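**Q** Next up, coords.cif (mmCIF, C-alpha atoms and all ligand atoms).
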data_protein
#
loop_
_atom_site.label_atom_id
_atom_site.label_comp_id
_atom_site.auth_asym_id
_atom_site.auth_seq_id
_atom_site.Cartn_x
_atom_site.Cartn_y
_atom_site.Cartn_z
CA MET A 1468 -22.65 -48.91 -2.77
CA SER A 1469 -24.45 -45.84 -1.43
CA TRP A 1470 -23.37 -42.28 -2.11
CA GLN A 1471 -22.42 -41.99 1.54
CA GLN A 1472 -20.27 -45.09 1.34
CA ARG A 1473 -18.56 -43.92 -1.80
CA LEU A 1474 -17.63 -40.58 -0.30
CA ASP A 1475 -16.52 -42.11 3.01
CA ASP A 1476 -14.27 -44.60 1.20
CA ALA A 1477 -12.65 -41.92 -0.97
CA LEU A 1478 -12.03 -39.67 2.03
CA ALA A 1479 -10.64 -42.54 4.12
CA ALA A 1480 -8.28 -43.51 1.29
CA ARG A 1481 -7.02 -39.92 1.06
CA ARG A 1482 -6.46 -39.79 4.83
CA GLU A 1483 -4.66 -43.14 4.88
CA LYS A 1484 -2.24 -41.97 2.21
CA GLY A 1485 -1.64 -38.74 4.14
CA GLN A 1486 -3.00 -36.84 1.14
CA PHE A 1487 -6.05 -35.25 2.74
CA ARG A 1488 -6.11 -31.64 1.53
CA GLN A 1489 -7.32 -28.74 3.59
CA ARG A 1490 -7.61 -25.09 2.80
CA ARG A 1491 -6.29 -22.50 5.21
CA VAL A 1492 -7.95 -19.15 5.61
CA ASN A 1493 -5.61 -16.38 4.53
CA GLU A 1494 -6.80 -13.90 7.12
CA GLN A 1495 -5.01 -10.86 5.83
CA SER A 1496 -2.45 -10.61 3.07
CA GLU A 1497 -0.09 -7.97 1.77
CA ALA A 1498 2.26 -8.12 -1.20
CA ARG A 1499 4.93 -10.15 0.65
CA THR A 1500 3.16 -11.50 3.69
CA LEU A 1501 0.05 -13.33 4.80
CA GLN A 1502 -1.66 -14.16 8.05
CA ILE A 1503 -2.86 -17.65 8.92
CA GLY A 1504 -4.09 -18.82 12.33
CA GLY A 1505 -3.33 -15.37 13.74
CA SER A 1506 0.37 -15.56 12.78
CA ARG A 1507 2.14 -13.53 10.17
CA TYR A 1508 4.42 -15.19 7.59
CA LEU A 1509 6.55 -14.17 4.66
CA ASN A 1510 4.73 -15.59 1.65
CA PHE A 1511 6.82 -17.80 -0.63
CA SER A 1512 3.82 -19.66 -2.06
CA ALA A 1513 1.92 -17.14 -4.17
CA ASN A 1514 1.97 -16.82 -7.95
CA ASP A 1515 1.88 -13.04 -7.69
CA TYR A 1516 5.30 -12.93 -9.38
CA LEU A 1517 5.41 -9.18 -9.93
CA GLY A 1518 3.51 -8.18 -6.79
CA LEU A 1519 0.74 -6.63 -8.90
CA SER A 1520 -2.17 -7.93 -6.81
CA ARG A 1521 -1.51 -4.95 -4.53
CA ASP A 1522 -0.51 -2.36 -7.12
CA PRO A 1523 -2.37 0.86 -6.21
CA ASP A 1524 -3.04 1.84 -9.84
CA ILE A 1525 -4.55 -1.54 -10.61
CA VAL A 1526 -6.64 -1.56 -7.42
CA SER A 1527 -7.92 1.88 -8.30
CA ALA A 1528 -8.65 0.81 -11.90
CA TRP A 1529 -10.83 -2.00 -10.55
CA GLN A 1530 -12.69 0.52 -8.38
CA GLN A 1531 -13.17 2.89 -11.32
CA GLY A 1532 -14.24 -0.04 -13.48
CA ALA A 1533 -16.87 -1.04 -10.89
CA GLU A 1534 -18.24 2.47 -10.89
CA ARG A 1535 -18.34 2.60 -14.66
CA TYR A 1536 -19.62 -0.91 -15.37
CA GLY A 1537 -21.08 -2.25 -12.12
CA VAL A 1538 -19.77 -5.42 -10.53
CA GLY A 1539 -20.94 -8.08 -12.96
CA ALA A 1540 -21.12 -8.71 -16.71
CA GLY A 1541 -24.85 -9.41 -16.56
CA GLY A 1542 -24.67 -12.43 -18.80
CA SER A 1543 -22.71 -14.46 -21.28
CA GLY A 1544 -20.70 -12.56 -23.84
CA HIS A 1545 -23.04 -13.98 -26.46
CA VAL A 1546 -25.98 -12.21 -24.85
CA THR A 1547 -25.15 -8.80 -23.34
CA GLY A 1548 -22.10 -9.58 -21.20
CA TYR A 1549 -19.45 -8.50 -23.71
CA HIS A 1550 -18.72 -4.91 -22.71
CA LEU A 1551 -16.31 -2.34 -24.00
CA ALA A 1552 -13.78 -3.23 -21.26
CA GLN A 1553 -13.46 -6.86 -22.42
CA ALA A 1554 -13.35 -5.85 -26.09
CA GLU A 1555 -10.58 -3.31 -25.41
CA LEU A 1556 -8.64 -5.80 -23.30
CA GLU A 1557 -8.82 -8.39 -26.10
CA GLN A 1558 -7.57 -5.88 -28.65
CA GLN A 1559 -4.71 -4.77 -26.39
CA LEU A 1560 -3.65 -8.37 -25.73
CA ALA A 1561 -3.75 -9.23 -29.43
CA ASP A 1562 -1.64 -6.16 -30.34
CA TRP A 1563 0.83 -6.83 -27.53
CA LEU A 1564 1.40 -10.47 -28.40
CA GLY A 1565 1.22 -10.11 -32.18
CA TYR A 1566 -1.92 -12.15 -32.90
CA PRO A 1567 -4.99 -11.14 -34.89
CA ARG A 1568 -7.34 -12.13 -32.10
CA ALA A 1569 -7.60 -12.68 -28.34
CA LEU A 1570 -10.58 -14.17 -26.52
CA VAL A 1571 -10.96 -13.60 -22.79
CA PHE A 1572 -12.07 -16.43 -20.48
CA ILE A 1573 -12.91 -16.32 -16.78
CA SER A 1574 -10.03 -18.67 -15.89
CA GLY A 1575 -7.12 -20.54 -17.37
CA PHE A 1576 -8.79 -23.79 -16.43
CA ALA A 1577 -11.89 -22.83 -18.42
CA ALA A 1578 -9.82 -21.62 -21.39
CA ASN A 1579 -7.86 -24.86 -21.63
CA GLN A 1580 -10.95 -27.03 -21.27
CA ALA A 1581 -12.91 -24.96 -23.78
CA VAL A 1582 -10.27 -24.90 -26.48
CA ILE A 1583 -9.45 -28.59 -26.33
CA ALA A 1584 -13.11 -29.63 -26.10
CA ALA A 1585 -14.11 -27.40 -29.01
CA LEU A 1586 -11.26 -28.19 -31.38
CA LEU A 1587 -10.55 -31.90 -31.02
CA ALA A 1588 -12.56 -34.59 -32.78
CA LYS A 1589 -12.52 -38.36 -33.15
CA ASN A 1590 -9.38 -39.67 -34.90
CA ASP A 1591 -7.38 -36.62 -33.82
CA HIS A 1592 -4.21 -36.93 -31.77
CA ILE A 1593 -3.08 -34.92 -28.78
CA PHE A 1594 0.53 -35.18 -27.69
CA ALA A 1595 1.01 -33.58 -24.30
CA ASP A 1596 4.05 -33.12 -22.11
CA LYS A 1597 3.76 -35.50 -19.15
CA LEU A 1598 3.85 -32.59 -16.71
CA ALA A 1599 1.26 -30.45 -18.47
CA HIS A 1600 -1.32 -28.87 -16.16
CA ALA A 1601 -4.36 -30.85 -14.98
CA SER A 1602 -6.68 -28.57 -16.97
CA LEU A 1603 -4.92 -29.57 -20.19
CA LEU A 1604 -4.50 -33.26 -19.48
CA GLU A 1605 -8.05 -33.68 -18.21
CA ALA A 1606 -9.53 -31.90 -21.21
CA ALA A 1607 -7.39 -34.04 -23.49
CA ALA A 1608 -8.43 -37.24 -21.71
CA MET A 1609 -12.11 -36.30 -21.97
CA SER A 1610 -11.91 -35.33 -25.63
CA PRO A 1611 -12.67 -37.87 -28.36
CA ALA A 1612 -9.05 -37.57 -29.57
CA THR A 1613 -6.31 -40.01 -28.61
CA LEU A 1614 -4.06 -38.64 -25.88
CA ARG A 1615 -0.40 -39.59 -25.72
CA ARG A 1616 1.97 -38.07 -23.20
CA PHE A 1617 5.64 -37.55 -23.97
CA ALA A 1618 8.52 -37.45 -21.48
CA HIS A 1619 8.83 -34.05 -19.89
CA ASN A 1620 10.59 -31.51 -22.12
CA GLN A 1621 11.97 -34.23 -24.40
CA PRO A 1622 11.24 -33.48 -28.04
CA ALA A 1623 13.04 -36.70 -29.02
CA ALA A 1624 10.39 -38.68 -27.12
CA LEU A 1625 7.67 -36.71 -28.89
CA GLU A 1626 9.32 -37.33 -32.22
CA LYS A 1627 9.11 -41.09 -31.66
CA LEU A 1628 5.40 -40.89 -30.92
CA LEU A 1629 4.85 -38.67 -33.93
CA ALA A 1630 6.63 -41.15 -36.17
CA SER A 1631 3.46 -43.19 -36.47
CA PRO A 1632 0.74 -40.68 -37.26
CA GLY A 1633 -2.77 -41.83 -37.98
CA GLU A 1634 -5.49 -39.97 -39.72
CA GLY A 1635 -6.93 -36.86 -38.10
CA GLU A 1636 -5.38 -33.65 -36.87
CA THR A 1637 -2.45 -33.35 -34.47
CA LEU A 1638 -2.20 -31.02 -31.48
CA ILE A 1639 0.96 -30.75 -29.40
CA VAL A 1640 0.37 -29.36 -25.93
CA THR A 1641 2.91 -27.92 -23.52
CA GLU A 1642 3.37 -25.25 -20.92
CA GLY A 1643 5.82 -22.38 -21.49
CA VAL A 1644 7.12 -22.48 -17.90
CA PHE A 1645 6.13 -25.58 -15.95
CA SER A 1646 4.09 -24.82 -12.87
CA MET A 1647 5.65 -27.38 -10.54
CA ASP A 1648 9.23 -27.57 -11.87
CA GLY A 1649 9.75 -23.99 -13.05
CA ASP A 1650 11.69 -25.07 -16.14
CA SER A 1651 10.95 -23.84 -19.67
CA ALA A 1652 9.81 -25.89 -22.62
CA PRO A 1653 11.97 -26.22 -25.77
CA LEU A 1654 9.33 -24.38 -27.77
CA ALA A 1655 11.25 -23.94 -31.03
CA LYS A 1656 11.90 -27.67 -31.31
CA LEU A 1657 8.31 -28.55 -30.41
CA HIS A 1658 6.97 -26.10 -32.96
CA GLN A 1659 9.31 -27.45 -35.60
CA LEU A 1660 8.01 -30.97 -34.94
CA SER A 1661 4.40 -29.90 -35.03
CA GLN A 1662 4.92 -28.10 -38.33
CA LEU A 1663 6.74 -31.08 -39.78
CA HIS A 1664 3.65 -33.17 -39.05
CA GLY A 1665 1.14 -30.57 -40.17
CA GLY A 1666 -0.05 -30.15 -36.60
CA TRP A 1667 -0.71 -27.25 -34.26
CA LEU A 1668 1.17 -26.27 -31.12
CA MET A 1669 -0.72 -25.10 -28.03
CA VAL A 1670 1.35 -23.35 -25.36
CA ASP A 1671 -0.07 -22.57 -21.93
CA ASP A 1672 2.20 -19.77 -20.72
CA ALA A 1673 0.42 -19.19 -17.40
CA HIS A 1674 3.74 -18.90 -15.57
CA GLY A 1675 5.83 -17.21 -18.24
CA ILE A 1676 3.60 -14.35 -19.33
CA GLY A 1677 4.54 -11.07 -17.69
CA THR A 1678 7.77 -12.30 -16.17
CA THR A 1679 9.88 -13.04 -19.22
CA GLY A 1680 10.44 -11.82 -22.78
CA GLU A 1681 10.55 -8.24 -24.02
CA GLN A 1682 7.81 -6.19 -22.31
CA GLY A 1683 6.87 -9.36 -20.43
CA ARG A 1684 5.47 -11.01 -23.55
CA GLY A 1685 6.37 -14.43 -22.19
CA SER A 1686 8.12 -17.64 -23.11
CA CYS A 1687 7.02 -17.77 -26.77
CA TRP A 1688 8.22 -14.28 -27.49
CA GLN A 1689 11.46 -15.00 -25.69
CA GLN A 1690 12.05 -18.13 -27.77
CA GLN A 1691 10.72 -16.49 -30.95
CA VAL A 1692 8.00 -19.05 -31.46
CA LYS A 1693 4.45 -18.26 -32.46
CA PRO A 1694 2.23 -21.21 -31.55
CA GLU A 1695 -1.13 -21.55 -33.25
CA LEU A 1696 -2.76 -21.43 -29.80
CA LEU A 1697 -1.30 -19.39 -26.96
CA VAL A 1698 -2.99 -19.38 -23.55
CA VAL A 1699 -2.10 -16.64 -21.09
CA THR A 1700 -3.57 -16.40 -17.62
CA PHE A 1701 -4.09 -13.43 -15.34
CA GLY A 1702 -3.90 -15.14 -11.94
CA LYS A 1703 -0.12 -15.08 -11.81
CA ALA A 1704 2.07 -12.14 -12.94
CA PHE A 1705 -1.02 -10.02 -13.75
CA GLY A 1706 -2.08 -10.32 -10.10
CA LEU A 1707 -5.81 -10.82 -10.86
CA SER A 1708 -7.51 -13.79 -12.49
CA GLY A 1709 -8.87 -14.87 -15.85
CA ALA A 1710 -7.20 -15.92 -19.07
CA ALA A 1711 -7.07 -15.33 -22.79
CA ILE A 1712 -6.46 -17.42 -25.82
CA LEU A 1713 -4.45 -15.82 -28.64
CA CYS A 1714 -5.04 -17.18 -32.12
CA GLU A 1715 -5.75 -16.47 -35.78
CA GLN A 1716 -9.02 -14.96 -36.93
CA PRO A 1717 -10.75 -18.19 -38.11
CA THR A 1718 -9.79 -19.99 -34.88
CA ALA A 1719 -11.37 -17.19 -32.84
CA ASP A 1720 -14.50 -17.25 -35.02
CA TYR A 1721 -14.69 -21.02 -34.58
CA LEU A 1722 -14.25 -20.83 -30.80
CA LEU A 1723 -16.96 -18.20 -30.58
CA GLN A 1724 -19.32 -20.70 -32.24
CA PHE A 1725 -18.26 -23.85 -30.39
CA ALA A 1726 -16.42 -23.06 -27.11
CA ARG A 1727 -19.14 -23.87 -24.62
CA HIS A 1728 -17.32 -22.23 -21.69
CA LEU A 1729 -17.69 -18.94 -23.55
CA ILE A 1730 -21.22 -19.40 -24.76
CA TYR A 1731 -22.91 -20.83 -21.67
CA SER A 1732 -21.07 -18.98 -18.92
CA THR A 1733 -21.29 -15.47 -17.50
CA ALA A 1734 -18.54 -13.31 -18.99
CA MET A 1735 -15.67 -11.88 -16.96
CA PRO A 1736 -16.88 -8.83 -15.00
CA PRO A 1737 -16.05 -5.79 -17.14
CA ALA A 1738 -14.60 -4.02 -14.07
CA GLN A 1739 -12.07 -6.83 -13.83
CA ALA A 1740 -11.26 -6.52 -17.53
CA PHE A 1741 -10.77 -2.79 -16.93
CA ALA A 1742 -8.35 -3.54 -14.07
CA LEU A 1743 -6.60 -6.07 -16.33
CA GLN A 1744 -5.93 -3.29 -18.84
CA ALA A 1745 -4.11 -1.40 -16.08
CA ALA A 1746 -2.19 -4.56 -15.15
CA LEU A 1747 -1.23 -5.07 -18.80
CA LEU A 1748 0.11 -1.53 -18.99
CA ARG A 1749 2.15 -2.07 -15.81
CA ILE A 1750 3.52 -5.32 -17.23
CA GLN A 1751 4.47 -3.68 -20.52
CA GLN A 1752 6.34 -1.01 -18.57
CA GLY A 1753 7.57 -3.50 -15.98
CA ASP A 1754 11.28 -3.92 -16.71
CA ASP A 1755 11.93 -2.63 -13.18
CA LEU A 1756 9.76 -5.38 -11.69
CA ARG A 1757 11.23 -8.09 -13.89
CA GLN A 1758 14.72 -6.94 -12.91
CA ARG A 1759 13.81 -7.12 -9.23
CA LEU A 1760 12.39 -10.59 -9.71
CA GLN A 1761 15.55 -11.70 -11.53
CA ASN A 1762 17.70 -10.30 -8.70
CA ASN A 1763 15.65 -12.25 -6.17
CA ILE A 1764 15.94 -15.43 -8.22
CA ALA A 1765 19.73 -15.03 -8.52
CA HIS A 1766 20.05 -14.23 -4.80
CA PHE A 1767 18.03 -17.29 -3.85
CA ARG A 1768 19.81 -19.69 -6.21
CA GLU A 1769 23.29 -18.56 -5.20
CA GLY A 1770 22.40 -18.85 -1.53
CA ALA A 1771 20.74 -22.25 -1.92
CA GLN A 1772 23.67 -23.61 -3.91
CA ALA A 1773 26.07 -22.40 -1.23
CA LEU A 1774 23.99 -24.36 1.28
CA GLY A 1775 24.32 -27.46 -0.90
CA LEU A 1776 20.57 -27.62 -1.56
CA ASP A 1777 19.44 -29.58 -4.57
CA LEU A 1778 17.77 -27.13 -6.96
CA LEU A 1779 16.06 -27.93 -10.25
CA PRO A 1780 17.37 -26.18 -13.37
CA SER A 1781 14.86 -23.34 -13.17
CA ALA A 1782 15.63 -19.75 -14.10
CA THR A 1783 12.11 -18.63 -13.22
CA ALA A 1784 10.17 -17.46 -10.17
CA ILE A 1785 9.31 -21.10 -9.41
CA GLN A 1786 12.18 -22.65 -7.46
CA PRO A 1787 11.19 -26.11 -6.25
CA LEU A 1788 13.22 -28.05 -3.70
CA ILE A 1789 12.63 -31.72 -4.32
CA VAL A 1790 12.47 -33.50 -0.99
CA GLY A 1791 11.25 -36.96 -1.98
CA GLU A 1792 8.79 -38.39 0.50
CA GLU A 1793 5.63 -36.60 1.50
CA HIS A 1794 6.29 -36.65 5.24
CA GLN A 1795 9.71 -35.06 4.68
CA ALA A 1796 8.22 -32.26 2.60
CA LEU A 1797 5.55 -31.65 5.24
CA ALA A 1798 8.13 -31.61 8.05
CA LEU A 1799 10.30 -29.15 6.17
CA ALA A 1800 7.35 -26.87 5.48
CA GLU A 1801 6.38 -27.02 9.17
CA SER A 1802 9.91 -26.18 10.26
CA LEU A 1803 9.93 -23.14 7.95
CA ARG A 1804 6.56 -22.08 9.29
CA GLN A 1805 7.96 -22.00 12.79
CA ARG A 1806 10.41 -19.44 11.49
CA GLY A 1807 7.72 -17.27 9.94
CA LEU A 1808 8.07 -18.57 6.37
CA TRP A 1809 5.07 -19.84 4.41
CA VAL A 1810 6.15 -22.37 1.79
CA THR A 1811 3.70 -24.97 0.52
CA ALA A 1812 4.62 -28.63 0.37
CA ILE A 1813 3.38 -30.08 -2.93
CA ARG A 1814 2.66 -33.77 -2.83
CA PRO A 1815 1.33 -36.53 -5.07
CA PRO A 1816 -1.05 -36.68 -6.86
CA THR A 1817 -0.21 -33.10 -7.88
CA VAL A 1818 3.39 -34.24 -8.58
CA PRO A 1819 4.72 -37.75 -9.35
CA PRO A 1820 5.26 -40.11 -6.37
CA GLY A 1821 8.70 -39.75 -4.75
CA THR A 1822 9.02 -36.12 -5.87
CA ALA A 1823 7.23 -34.33 -3.03
CA ARG A 1824 8.66 -30.86 -2.85
CA LEU A 1825 8.60 -27.41 -1.47
CA ARG A 1826 7.34 -25.15 -4.22
CA ILE A 1827 9.11 -21.92 -3.45
CA THR A 1828 7.84 -18.99 -5.47
CA LEU A 1829 9.65 -15.68 -5.59
CA SER A 1830 8.20 -12.29 -6.37
CA ALA A 1831 9.43 -8.85 -7.31
CA ALA A 1832 7.73 -7.74 -4.09
CA HIS A 1833 10.21 -9.70 -1.93
CA ARG A 1834 13.07 -7.71 -0.43
CA ALA A 1835 16.65 -8.94 -0.22
CA ASP A 1836 16.31 -9.61 3.51
CA ASP A 1837 13.18 -11.72 2.87
CA ILE A 1838 15.26 -13.97 0.63
CA GLN A 1839 17.99 -14.04 3.25
CA GLN A 1840 15.46 -15.08 5.88
CA LEU A 1841 14.25 -17.87 3.62
CA LEU A 1842 17.82 -19.12 3.09
CA GLU A 1843 18.47 -19.07 6.82
CA GLY A 1844 15.24 -20.98 7.40
CA LEU A 1845 16.23 -23.60 4.84
CA HIS A 1846 19.70 -23.88 6.34
CA HIS A 1847 18.23 -24.43 9.78
CA ALA A 1848 15.58 -26.88 8.55
CA SER A 1849 17.96 -28.92 6.41
CA ARG A 1850 20.32 -29.39 9.37
CA GLN A 1851 17.44 -30.81 11.39
N1 LIG B 1 -2.40 -23.58 -16.60
C1 LIG B 1 -1.37 -23.66 -15.74
C2 LIG B 1 -0.03 -24.04 -16.25
C3 LIG B 1 -1.58 -23.39 -14.38
O1 LIG B 1 -0.56 -23.50 -13.52
C4 LIG B 1 -2.87 -23.03 -13.94
C5 LIG B 1 -3.21 -22.69 -12.50
N2 LIG B 1 -2.35 -22.94 -11.55
C6 LIG B 1 -3.90 -22.98 -14.87
C7 LIG B 1 -3.63 -23.23 -16.20
C8 LIG B 1 -5.27 -22.61 -14.46
O2 LIG B 1 -5.41 -21.24 -14.53
P1 LIG B 1 -6.48 -20.49 -13.65
O3 LIG B 1 -5.93 -20.45 -12.26
O4 LIG B 1 -6.62 -19.16 -14.29
O5 LIG B 1 -7.74 -21.30 -13.73
#
Let me see the structure of the file written as structure tokens.

**A**
Amino acid sequence: MSWQQRLDDALAARREKGQFRQRRVNEQSEARTLQIGGSRYLNFSANDYLGLSRDPDIVSAWQQGAERYGVGAGGSGHVTGYHLAQAELEQQLADWLGYPRALVFISGFAANQAVIAALLAKNDHIFADKLAHASLLEAAAMSPATLRRFAHNQPAALEKLLASPGEGETLIVTEGVFSMDGDSAPLAKLHQLSQLHGGWLMVDDAHGIGTTGEQGRGSCWQQQVKPELLVVTFGKAFGLSGAAILCEQPTADYLLQFARHLIYSTAMPPAQAFALQAALLRIQQGDDLRQRLQNNIAHFREGAQALGLDLLPSATAIQPLIVGEEHQALALAESLRQRGLWVTAIRPPTVPPGTARLRITLSAAHRADDIQQLLEGLHHASRQ
């Protein structure tokens, strides 16, 4: 088979299944709205949970950072790309979250891949929640360790798998708040199991950090669990992008020797790390934003329940409406669009077959009448 043939076949298969993905140009966005195809919509699809992507202090910090440091790191952190701004950010993150060390990565995807690739060896075992993010599951599948997936948020299922340990080390992998379902992991129970088996727990709290826990310290802080490896990302509540891994001193030293995504990749621009310090400060002082987000979540859930809509048990900014079949999810999203509401339909293979959904995300930036408009749109669409 030729390259051309291979690509044509894969694309045709995607089209046949109705799963062909296309990006849309976001022509102009604000904290609550976006413009696509010349039309303006209320945005219920972003991960900007606290509305910080437009925070004037953070925008101005990025500008100041660019003036101070230029626009790029100039190289890998192992060469000359590790500037004061990244070092300060790492220290602030470590102090905030109560770990000896933090290492900054350019993305959550890179952090997850790097950590799993660097730490796991032959004969090791990874036990991952079935709904863990693609970056975790892919890294686990590519590692020389054996990957086993346990039923979503079911420690009893994990316990059964753990009952027959082999030789090698054990790593249990979960998210703090699940990206597609919005529910929280039973972290205390998972940590207890990992400790019982002499293993480590890795928590990817991409969707919990900033929005929950005292000072926004996330799901682990909220549940009083300190995993051996905590991944936080900056593309959601922080409003920027990038990630950090929080860990003990020897783990950080080890990753600095063996995490190839750190060693062979240009470091995060220091101006961005400088802006991230401003975002961190806003998050630490962000009880007002978290309260607004909670009010929006409560408003939405009460309204949706009154409409008889089937919600998942999520107390977070991610409020999925499971629709079932792909075409139904697409039709619902289209109907909302006609009413000026941008909600993305999430379909297999991102979520399991038969669970196509609208992934509604709420933000502190939304106003009460935005939520009302969304509820009216859903009422209208569900009657159709
Ligand atoms: N982990 C989770 C749980 C995520 O949802 C995502 C992104 N959606 C990532 C990691 C990847 O993070 P990033 O966007 O920073 O690459």

**Q** How would you report the residues lying within 6 Å of ligand LIG 1 (chain B), as a PDB file with C-alpha atoms, keeping the file's coordinate frame, if you count all atoms listed in the file?

**A**
ATOM      1  CA  SER A1574     -10.030 -18.670 -15.890  1.00  0.00           C
ATOM      2  CA  GLY A1575      -7.120 -20.540 -17.370  1.00  0.00           C
ATOM      3  CA  PHE A1576      -8.790 -23.790 -16.430  1.00  0.00           C
ATOM      4  CA  HIS A1600      -1.320 -28.870 -16.160  1.00  0.00           C
ATOM      5  CA  GLU A1642       3.370 -25.250 -20.920  1.00  0.00           C
ATOM      6  CA  SER A1646       4.090 -24.820 -12.870  1.00  0.00           C
ATOM      7  CA  ASP A1671      -0.070 -22.570 -21.930  1.00  0.00           C
ATOM      8  CA  ALA A1673       0.420 -19.190 -17.400  1.00  0.00           C
ATOM      9  CA  THR A1700      -3.570 -16.400 -17.620  1.00  0.00           C
ATOM     10  CA  GLY A1702      -3.900 -15.140 -11.940  1.00  0.00           C
ATOM     11  CA  SER A1708      -7.510 -13.790 -12.490  1.00  0.00           C
ATOM     12  CA  GLY A1709      -8.870 -14.870 -15.850  1.00  0.00           C
ATOM     13  CA  ALA A1710      -7.200 -15.920 -19.070  1.00  0.00           C
TER      14      ALA A1710
END

**Q** Counting only C-alpha atoms, which of A:Gly1505, A:Gly1680, A:Gly1844, A:Gly1665 gets nearest to A:Gly1770?

**A**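 Closest residue, counting only C-alpha atoms: A:Gly1844.
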
**Q** Just want the 9 Å neighbourhood of A:Pro1780, counted on all atoms listed in the file, with same-chain residues fewer than 2 positions away dropped. Output as a PDB file with C-alpha atoms, keeping the file's coordinate frame.

**A**
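Contents of result.pdb, freshly written:
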ATOM      1  CA  ASP A1648       9.230 -27.570 -11.870  1.00  0.00           C
ATOM      2  CA  GLY A1649       9.750 -23.990 -13.050  1.00  0.00           C
ATOM      3  CA  ASP A1650      11.690 -25.070 -16.140  1.00  0.00           C
ATOM      4  CA  LEU A1778      17.770 -27.130  -6.960  1.00  0.00           C
ATOM      5  CA  ALA A1782      15.630 -19.750 -14.100  1.00  0.00           C
ATOM      6  CA  GLN A1786      12.180 -22.650  -7.460  1.00  0.00           C
TER       7      GLN A1786
END

**Q** Name all residues at most 7 Å from A:Ala1831 (count only C-alpha atoms; drop same-chain ones fewer than 2 positions away) and give them as a VMD selection string.

**A** chain A and resid 1516 to 1518 1756 to 1757 1759 to 1760 1833

**Q** Could you write out the selected residues, including C-alpha atoms, as a tab-separated table (two decimals), in the coordinates of the input?

**A**
chain	number	residue	atom	x	y	z
A	1516	TYR	CA	5.30	-12.93	-9.38
A	1517	LEU	CA	5.41	-9.18	-9.93
A	1518	GLY	CA	3.51	-8.18	-6.79
A	1756	LEU	CA	9.76	-5.38	-11.69
A	1757	ARG	CA	11.23	-8.09	-13.89
A	1759	ARG	CA	13.81	-7.12	-9.23
A	1760	LEU	CA	12.39	-10.59	-9.71
A	1833	HIS	CA	10.21	-9.70	-1.93

**Q** At a cut-off of 8 Å, can you tabulate as a tab-separated table every residue of stretch 1526-1568 of chain A near stretch 1718-1740 of chain A together with its closest atom pair and the distance in Å to one decimal, using only C-alpha atoms and ordering rows by chain then number?

**A**
residue	atom	partner	partner_atom	distance
A:Ala1528	CA	A:Ala1738	CA	8.0
A:Trp1529	CA	A:Ala1738	CA	5.5
A:Gln1530	CA	A:Ala1738	CA	7.5
A:Gln1531	CA	A:Ala1738	CA	7.6
A:Gly1532	CA	A:Ala1738	CA	4.0
A:Ala1533	CA	A:Ala1738	CA	4.9
A:Arg1535	CA	A:Ala1738	CA	7.6
A:Tyr1536	CA	A:Ala1738	CA	6.0
A:Gly1537	CA	A:Ala1738	CA	7.0
A:Val1538	CA	A:Pro1736	CA	6.3
A:Gly1539	CA	A:Pro1736	CA	4.6
A:Ala1540	CA	A:Pro1736	CA	4.6
A:Gly1541	CA	A:Thr1733	CA	7.1
A:Gly1542	CA	A:Thr1733	CA	4.7
A:Ser1543	CA	A:Thr1733	CA	4.2
A:Gly1544	CA	A:Ala1734	CA	5.4
A:His1545	CA	A:Ile1730	CA	6.0
A:Gly1548	CA	A:Ala1734	CA	5.6
A:Tyr1549	CA	A:Ala1734	CA	6.8
A:His1550	CA	A:Pro1737	CA	6.2
A:Leu1551	CA	A:Pro1737	CA	7.7
A:Ala1552	CA	A:Pro1737	CA	5.4
A:Gln1553	CA	A:Ala1740	CA	5.4
A:Leu1556	CA	A:Ala1740	CA	6.4
A:Arg1568	CA	A:Ala1719	CA	6.5

**Q** Counting all atoms listed in the file, which of A:Gly1683, A:Met1669, A:Thr1811, A:Glu1483 gets nearest to A:Asp1755?

**A**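 Nearest candidate to A:Asp1755 out of A:Gly1683, A:Met1669, A:Thr1811, A:Glu1483: A:Gly1683.
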
**Q** Skip A:Leu1660 itself and residues of its chain fewer than 3 positions away, then list as number ranges by chain all residues within 12 Å of it, counting all atoms listed in the file.

**A** A: 1594, 1621-1630, 1637-1640, 1653-1657, 1663-1668, 1694

**Q** Dump C-alpha atoms for the selected residues as a compact mmCIF listing (two decimals), in the coordinates of the input?

**A**
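Now in result_19.txt:
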# COMPACT_ATOMS: atom_id res chain seq x y z
CA PHE A 1594 0.53 -35.18 -27.69
CA GLN A 1621 11.97 -34.23 -24.40
CA PRO A 1622 11.24 -33.48 -28.04
CA ALA A 1623 13.04 -36.70 -29.02
CA ALA A 1624 10.39 -38.68 -27.12
CA LEU A 1625 7.67 -36.71 -28.89
CA GLU A 1626 9.32 -37.33 -32.22
CA LYS A 1627 9.11 -41.09 -31.66
CA LEU A 1628 5.40 -40.89 -30.92
CA LEU A 1629 4.85 -38.67 -33.93
CA ALA A 1630 6.63 -41.15 -36.17
CA THR A 1637 -2.45 -33.35 -34.47
CA LEU A 1638 -2.20 -31.02 -31.48
CA ILE A 1639 0.96 -30.75 -29.40
CA VAL A 1640 0.37 -29.36 -25.93
CA PRO A 1653 11.97 -26.22 -25.77
CA LEU A 1654 9.33 -24.38 -27.77
CA ALA A 1655 11.25 -23.94 -31.03
CA LYS A 1656 11.90 -27.67 -31.31
CA LEU A 1657 8.31 -28.55 -30.41
CA LEU A 1663 6.74 -31.08 -39.78
CA HIS A 1664 3.65 -33.17 -39.05
CA GLY A 1665 1.14 -30.57 -40.17
CA GLY A 1666 -0.05 -30.15 -36.60
CA TRP A 1667 -0.71 -27.25 -34.26
CA LEU A 1668 1.17 -26.27 -31.12
CA PRO A 1694 2.23 -21.21 -31.55
